[in-house]
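Here is the structure we will look at.
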Amino acid sequence: MPDRRSAIVTGSTSGIGLGMAEALAEAGNNVMLNGFGDAEEIERTRAALAARCGVEVGYNGADMTRPDEIAALVAAAESAFGQVDIVVNNAGIQHVEPVEDFPVEKWDAILAINLSSAFHTVRHSFAGMKERGWGRVINLSSAHGLVASPYKTAYVAAKHGMLGLTKVLALEGAEHGVTANAICPGYVLTPLVEKQIPDTAKARGISEDEVVKTVMLGPQPTKQFVKTQEVGALAAFLCSDAAASITGAALPIDGGWTAQ
Ligand code: NAD
């Protein structure tokens with residue numbers, strides 16, 4: 001076993017991705033951050049994480065709609081760390097609107113970022129994981145990969161698609177020490193969720209307070225948002241050797257939402 005394993009976490013400049021990148025670094029893995037944002041703030045985050053955890057932390061700003069940039073992201077991580085052992089496909093966006101008004105360009109962007117980007121990161125890193133006999137793929141699906149809500153056609157379709165991709169990768173990696181699993185969070189209060197509060201209020205004709213109470217926390221029996229640190233801890237466990245037999249799973253972390 002190498003001293004340290006190396007991970008790519010897409011969309012890790014914010015929210016759940018950052019929570020998982022922090023948890024993986026805390027567990028002793030090198031991490032390549034990715035995502036958009038203010039360059040100085042990203043650099044501060046990168047340097048602080050490296051210093052705090054004593055691991056190598058890089059950053060690559062690949063746009064997850066662009067297969068050529070995703071190939072360059074994997075190549076950059078291989079060149080920085082020597083190899084890529086863990087790929088966390090987390091980058092995601094959302095758009096909330098009834099299907100008859102749903103903009104075609106939003107459908108295309110959500111499918112590209114929330115689903116196709118995972119195919120591209122894996123297509124460039126899977127052979128190395130198989131050859132070395134150890135690898136982890138984590139795909140960020142959602143409670144919306146297991147059940148639907150209205151006005152989220154593209155998101156729900158992409159998140160269900162992530163589960164199919166995960167199962168195929170689990171079968172292809174099974175005899176090579178490579179696992180693939182999907183994490184299915186309920187609502188986590190991140191910028192992605194904050195942005196959809198006004199849009200959901202408009203689509204449903206209710207107040208923003210009602211969106212939080214009834215649409216978001218209503219389906220979660222705990223009546224609490226899931227925390228980014230909780231998703232990070234689950235990702236770190238899936239990347240440990242103790243999780244070697246967990247593969248092809250869709251793991252809800254949703255306060256009981258999909259138990260109902
Ligand atoms: P967020 O908006 O806080 O973070 C999204 C990240 O993706 C950011 O780093 C952003 O820069 C990056 N990103 C967006 N477009 C990109 C692109 N084209 N190329 C590269 N990076 C890009 O959102 P979040 O809530 O942390 O969501 C992270 C993942 O978790 C998403 O896949 C989301 O669908 C999933 N998820 C979120 C929730 C929730 O309630 N927040 C619930 C279930 C699943």
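For the structure tokens, the naming scheme is as follows: chains receive sequential letters (A, B, ...) according to their order of presentation, residues are indexed from 1 within each chain, and ligands are indexed from 1 in presentation order.
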
How would you write, as a ChimeraX atom specification, the set of residues no farther than 6 Å from ligand 1 when counting only C-alpha atoms and all ligand atoms?
/A:11-17,35-37,62-65,90-93,113-114,140-142,185-193

If you take only C-alpha atoms and a cut-off of 10 Å, which residues of segment 115-231 of chain A touch segment 22-25 of chain A, and what are their nearest atom pairs and distances in Å to one decimal, in chain and number order, as CSV?
```
residue,atom,partner,partner_atom,distance
A:Thr228,CA,A:Ala23,CA,9.8
A:Gln229,CA,A:Ala23,CA,7.5
A:Glu230,CA,A:Ala23,CA,9.4
A:Val231,CA,A:Ala23,CA,9.0
```

Got time to write the residues from that selection, all heavy atoms, as a CSV table (one decimal), in the first residue's frame?
```csv
chain,number,residue,atom,x,y,z
A,228,THR,N,-22.3,19.1,5.3
A,228,THR,CA,-21.2,18.8,4.4
A,228,THR,C,-20.2,17.9,5.0
A,228,THR,O,-19.6,17.0,4.4
A,228,THR,CB,-20.5,20.0,3.9
A,228,THR,OG1,-20.0,20.8,5.0
A,228,THR,CG2,-21.4,20.9,3.1
A,229,GLN,N,-19.9,18.1,6.4
A,229,GLN,CA,-18.9,17.2,7.1
A,229,GLN,C,-19.4,15.8,7.1
A,229,GLN,O,-18.6,14.9,7.1
A,229,GLN,CB,-18.7,17.7,8.5
A,229,GLN,CG,-18.1,19.1,8.6
A,229,GLN,CD,-19.1,20.2,8.5
A,229,GLN,OE1,-20.2,20.1,8.1
A,229,GLN,NE2,-18.6,21.4,8.8
A,230,GLU,N,-20.7,15.6,7.2
A,230,GLU,CA,-21.3,14.2,7.3
A,230,GLU,C,-21.1,13.5,6.0
A,230,GLU,O,-20.7,12.3,5.9
A,230,GLU,CB,-22.8,14.3,7.6
A,230,GLU,CG,-23.0,14.8,9.0
A,230,GLU,CD,-24.5,15.1,9.3
A,230,GLU,OE1,-25.3,15.1,8.4
A,230,GLU,OE2,-24.8,15.5,10.5
A,231,VAL,N,-21.3,14.2,4.9
A,231,VAL,CA,-21.0,13.6,3.5
A,231,VAL,C,-19.5,13.4,3.4
A,231,VAL,O,-19.1,12.3,2.8
A,231,VAL,CB,-21.6,14.5,2.4
A,231,VAL,CG1,-21.4,13.8,1.1
A,231,VAL,CG2,-23.0,14.9,2.6
```

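If only C-alpha atoms are the atoms counted, then among A:Val88, A:Glu78, A:Ala154, A:Asp3 the closest residue to Ala109 of chain A is A:Ala154.
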
Point out the residue among A:Ala250, A:Ala148, A:Val178, A:Val215 with the least atom-to-atom distance to Thr166 of chain A, counting only C-alpha atoms.
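The answer is A:Ala250, which sits nearest to Thr166 of chain A.
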
Measuring atom to atom with only C-alpha atoms, identify which of A:Arg204, A:Lys106, A:Lys223, A:Arg136 is nearest to Asp241 of chain A.
A:Arg136

For segment 27-30 of chain A, work out the shell of residues within 9 Å, counting only C-alpha atoms and skipping chain neighbours fewer than 6 positions away, then give it as a ChimeraX atom specification.
/A:3-8,50,53-58,81,236,240

For Ala249 of chain A, which residue out of A:Lys167, A:Lys152, A:Arg52, A:Arg66 is the nearest one, using only C-alpha atoms?
A:Lys167

Choose the residue, out of A:Val226, A:Ala80, A:Ala158, A:Ala170, that has the smallest atom-to-atom separation from Asp254 of chain A; count only C-alpha atoms.
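Checking each of A:Val226, A:Ala80, A:Ala158, A:Ala170 against Asp254 of chain A, counting only C-alpha atoms, the winner is A:Val226.
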
Would you tabulate, counting only C-alpha atoms, all residues of segment 144-223 of chain A that have an atom at most 9 Å from an atom of segment 117-125 of chain A, showing the closest pair of atoms and their distance in Å to one decimal, sorted by chain then ascending number, as a tab-separated table?
```
residue	atom	partner	partner_atom	distance
A:Met162	CA	A:Ala118	CA	8.1
A:Leu165	CA	A:Phe119	CA	7.8
A:Leu169	CA	A:Val122	CA	8.8
```

Take the residues just selected and output them with all heavy atoms as a PDB file, in the first residue's frame.
```
ATOM      1  N   MET A 162     -26.569   8.677 -12.758  1.00  0.00           N
ATOM      2  CA  MET A 162     -25.354   8.429 -11.970  1.00  0.00           C
ATOM      3  C   MET A 162     -25.399   7.051 -11.306  1.00  0.00           C
ATOM      4  O   MET A 162     -24.366   6.395 -11.143  1.00  0.00           O
ATOM      5  CB  MET A 162     -25.207   9.497 -10.875  1.00  0.00           C
ATOM      6  CG  MET A 162     -24.527  10.757 -11.327  1.00  0.00           C
ATOM      7  SD  MET A 162     -22.794  10.465 -11.757  1.00  0.00           S
ATOM      8  CE  MET A 162     -22.012  11.793 -10.849  1.00  0.00           C
ATOM      9  N   LEU A 165     -24.505   4.425 -13.983  1.00  0.00           N
ATOM     10  CA  LEU A 165     -23.057   4.490 -14.234  1.00  0.00           C
ATOM     11  C   LEU A 165     -22.294   3.806 -13.090  1.00  0.00           C
ATOM     12  O   LEU A 165     -21.372   3.012 -13.322  1.00  0.00           O
ATOM     13  CB  LEU A 165     -22.627   5.956 -14.364  1.00  0.00           C
ATOM     14  CG  LEU A 165     -21.134   6.225 -14.509  1.00  0.00           C
ATOM     15  CD1 LEU A 165     -20.591   5.642 -15.813  1.00  0.00           C
ATOM     16  CD2 LEU A 165     -20.842   7.727 -14.454  1.00  0.00           C
ATOM     17  N   LEU A 169     -19.670   0.551 -13.323  1.00  0.00           N
ATOM     18  CA  LEU A 169     -18.268   0.674 -12.893  1.00  0.00           C
ATOM     19  C   LEU A 169     -17.957  -0.325 -11.781  1.00  0.00           C
ATOM     20  O   LEU A 169     -16.857  -0.895 -11.738  1.00  0.00           O
ATOM     21  CB  LEU A 169     -17.989   2.101 -12.412  1.00  0.00           C
ATOM     22  CG  LEU A 169     -18.162   3.197 -13.473  1.00  0.00           C
ATOM     23  CD1 LEU A 169     -17.932   4.569 -12.847  1.00  0.00           C
ATOM     24  CD2 LEU A 169     -17.218   2.978 -14.651  1.00  0.00           C
TER      25      LEU A 169
END
```

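For the choices A:Glu105, A:Ala203, A:Ile197, A:Thr179, the atom-to-atom distance to Gly248 of chain A is smallest for A:Thr179 when using only C-alpha atoms.
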
Select from segment 130-233 of chain A everything DSSP, run on the backbone, classes as strand (DSSP E or B), then give the selection as a VMD selection string.
chain A and resid 135 to 140 178 to 185 188 226
